[in-house]
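S.K.: Have a look at this one.
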Amino acid sequence: MSRGTAAGLSALFAFGSLPGVHPDEVIAAPADSPKAEKGTVRFDPAGDDRANVPALFRLAARDVAYELAPKFDLRHSGVSVADLTFPSPVESGIAANDTVHAEYFRPAGKGPFPAVVVLDIMDGQQVVGRGEAMWLAQHGVAALVVHMAHYGPRRPAGSKVRMVSPDVPRTTAAIRQTVLDCRCATAWLASRPELNAARLGIVGTSLGSFVSAMTAAAEPKLGAACLLLTGGGLVDAYYDHPKAKAYLPFAELFGGKAGLKKLIGPIDPLTYAEQLKGKRLLIVAASRDDVVPPSAAKALWEATGKQKIVWFDATHVGAALYAYPAMTAVIDHLTAAK
């Protein structure tokens, strides 16, 4: 995602712009607030065979030790925010990257609430992710914003390693790590007494939507997925794109279009269309998207059973202007009776 895209979306999702958030709403956790909660949840892959979980994203049973530290409360909405950390089930060789960091937005009340994992855009500053999580929590859906591999506190100062790069094997490994991190995060959500373990889902935007699609395909506990500015069939979508012409000689080194499809297949949401057919799927797309071709959104929609799709007459950045109806569609989708 370009800097312009990130800036446009960030401006719209700026904390104070969210409905119901007053400028003086945020209050830091007081000095006498409860200490960090420490515990262990069990990740159990039972059901993976039944759900046809892709081999790339399978994970053995394990205990996941976590720490949940209160961060701040919102006095008007009643939403509370806490920091969650736990060890990644994958060792990347970069110590900071191998601790998963997430932010838990809990709605006011006792619940049990539906809950979602939220994945951010490529910019990764979590402005969009936090904005969506706040919006969701204000409407009764708990949200866990997970930092993807090599983002935020998972990226050491000065590190040049990124989740997405021309190094396809490294990119695949980082996406796999993020998916497995999200599977463990889902186990944590399922363990919470204030949440409804039968109503878990995932919400992702742009880059986060691609990873969300793979996570939904890989995790049986995630029954719903909302994919904003997403797509599949990435090689077909981009191979003849005007901006791709300069890279075509490089692509020929991998065997042209067919070779690229084989290389990119493991991290293309379209590869997991069969698994996604079994989910309650919402796709939000921009008809003039200049980053994710509309043909890619249509391809994923068709391959996953032509479930619900919402189109906005916008470019990728311009879709930010439709944040309110987009998030309304997301909330309606997540709170509708199963």
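We label chains A, B, ... in the order they appear in the structure tokens, count residues from 1 in each chain, and number ligands from 1 in the order shown.
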Would you give me, as a tab-separated table, each residue of region 155-269 of chain A having an atom within 9 Å of an atom of region 292-295 of chain A, along with its shortest atom pair and that distance in Å to one decimal, using only C-alpha atoms and sorting by chain and residue number?
M.R.:
```
residue	atom	partner	partner_atom	distance
A:Ser206	CA	A:Val292	CA	8.0
A:Leu229	CA	A:Val292	CA	6.9
A:Thr230	CA	A:Val292	CA	6.7
A:Gly231	CA	A:Val292	CA	6.7
A:Gly232	CA	A:Ser295	CA	8.6
A:Gly233	CA	A:Ser295	CA	8.8
A:Leu234	CA	A:Val292	CA	8.7
A:Asp236	CA	A:Ser295	CA	9.0
A:Ala237	CA	A:Pro293	CA	6.2
A:Tyr238	CA	A:Pro293	CA	7.5
A:His241	CA	A:Pro293	CA	8.7
```
S.K.: Quick one: residues within 9 Å of Gly305 (chain A), only C-alpha atoms counted, chain neighbours fewer than 5 positions away excluded, as a VMD selection string?
M.R.: chain A and resid 273 to 274 276 to 277 300
S.K.: Select from region 24-245 of chain A everything DSSP, run on the backbone, classes as alpha helix (DSSP H), then give the selection as a PyMOL selection string.
M.R.: chain A and resi 127-138+168-191+207-218+234-239
S.K.: Can you write out the residues you just picked, keeping C-alpha atoms, as a tab-separated table (two decimals), in the first residue's frame?
M.R.:
```tsv
chain	number	residue	atom	x	y	z
A	127	VAL	CA	-4.34	3.79	12.79
A	128	VAL	CA	-6.82	2.00	10.54
A	129	GLY	CA	-6.79	-1.19	12.62
A	130	ARG	CA	-7.35	0.67	15.89
A	131	GLY	CA	-10.01	2.86	14.31
A	132	GLU	CA	-11.91	-0.19	13.09
A	133	ALA	CA	-11.50	-1.92	16.46
A	134	MET	CA	-12.83	1.12	18.30
A	135	TRP	CA	-15.79	1.33	15.98
A	136	LEU	CA	-16.52	-2.36	16.46
A	137	ALA	CA	-16.22	-2.22	20.25
A	138	GLN	CA	-18.58	0.75	20.39
A	168	VAL	CA	9.00	-14.49	-1.94
A	169	PRO	CA	10.17	-17.30	0.41
A	170	ARG	CA	10.73	-14.75	3.20
A	171	THR	CA	7.36	-13.14	2.50
A	172	THR	CA	5.68	-16.56	2.57
A	173	ALA	CA	7.36	-17.37	5.88
A	174	ALA	CA	6.27	-14.05	7.42
A	175	ILE	CA	2.68	-14.46	6.25
A	176	ARG	CA	2.64	-18.03	7.56
A	177	GLN	CA	3.92	-16.79	10.92
A	178	THR	CA	1.19	-14.13	11.05
A	179	VAL	CA	-1.53	-16.66	10.23
A	180	LEU	CA	-0.30	-19.01	12.96
A	181	ASP	CA	-0.05	-16.09	15.40
A	182	CYS	CA	-3.68	-15.29	14.60
A	183	ARG	CA	-4.68	-18.89	15.18
A	184	CYS	CA	-3.22	-18.64	18.69
A	185	ALA	CA	-4.92	-15.26	19.15
A	186	THR	CA	-8.21	-16.89	18.19
A	187	ALA	CA	-7.67	-19.55	20.86
A	188	TRP	CA	-7.20	-16.70	23.36
A	189	LEU	CA	-10.44	-15.04	22.25
A	190	ALA	CA	-12.28	-18.36	22.51
A	191	SER	CA	-11.09	-18.74	26.12
A	207	LEU	CA	-2.86	-6.20	2.97
A	208	GLY	CA	-4.62	-7.24	6.16
A	209	SER	CA	-7.52	-8.58	4.09
A	210	PHE	CA	-5.26	-10.96	2.17
A	211	VAL	CA	-3.79	-12.33	5.40
A	212	SER	CA	-7.26	-12.41	6.97
A	213	ALA	CA	-8.57	-14.53	4.11
A	214	MET	CA	-5.80	-17.08	4.67
A	215	THR	CA	-6.34	-16.99	8.44
A	216	ALA	CA	-10.07	-17.58	8.06
A	217	ALA	CA	-9.34	-20.50	5.74
A	218	ALA	CA	-6.90	-21.95	8.28
A	234	LEU	CA	-3.12	-12.02	-7.84
A	235	VAL	CA	-0.91	-13.03	-10.77
A	236	ASP	CA	-3.79	-12.80	-13.26
A	237	ALA	CA	-4.86	-9.49	-11.73
A	238	TYR	CA	-1.47	-7.85	-11.86
A	239	TYR	CA	0.41	-9.52	-14.72
```
S.K.: Report the distance between CA of Arg155 (chain A) and CA of Asn97 (chain A) in Å, rounded to one decimal place.
M.R.: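 Taking CA of Arg155 (chain A) and CA of Asn97 (chain A), their separation equals 6.0 Å.
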S.K.: So that I can see what lies close to Lys221 (chain A), please list as a list in words the residues with an atom at most 7 Å from it, counting only C-alpha atoms and leaving out residues fewer than 2 positions away in the same chain.
M.R.: Leu200, Glu219 and Gly223 of chain A
S.K.: Take the selection from the previous step and output its residues with N, CA, C and O atoms, as a PDB file, in the first residue's frame.
M.R.:
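Okay, this is what ended up in again34.pdb:
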```
ATOM      1  N   LEU A 200     -16.934 -15.972  16.513  1.00  0.00           N
ATOM      2  CA  LEU A 200     -15.636 -15.353  16.290  1.00  0.00           C
ATOM      3  C   LEU A 200     -15.418 -15.120  14.799  1.00  0.00           C
ATOM      4  O   LEU A 200     -15.882 -15.894  13.961  1.00  0.00           O
ATOM      5  N   GLU A 219      -8.343 -21.372  10.165  1.00  0.00           N
ATOM      6  CA  GLU A 219      -8.774 -21.493  11.564  1.00  0.00           C
ATOM      7  C   GLU A 219     -10.267 -21.845  11.650  1.00  0.00           C
ATOM      8  O   GLU A 219     -11.126 -21.010  11.392  1.00  0.00           O
ATOM      9  N   GLY A 223     -15.684 -18.174  12.239  1.00  0.00           N
ATOM     10  CA  GLY A 223     -16.831 -18.475  11.397  1.00  0.00           C
ATOM     11  C   GLY A 223     -17.166 -17.388  10.403  1.00  0.00           C
ATOM     12  O   GLY A 223     -17.863 -17.635   9.414  1.00  0.00           O
TER      13      GLY A 223
END
```
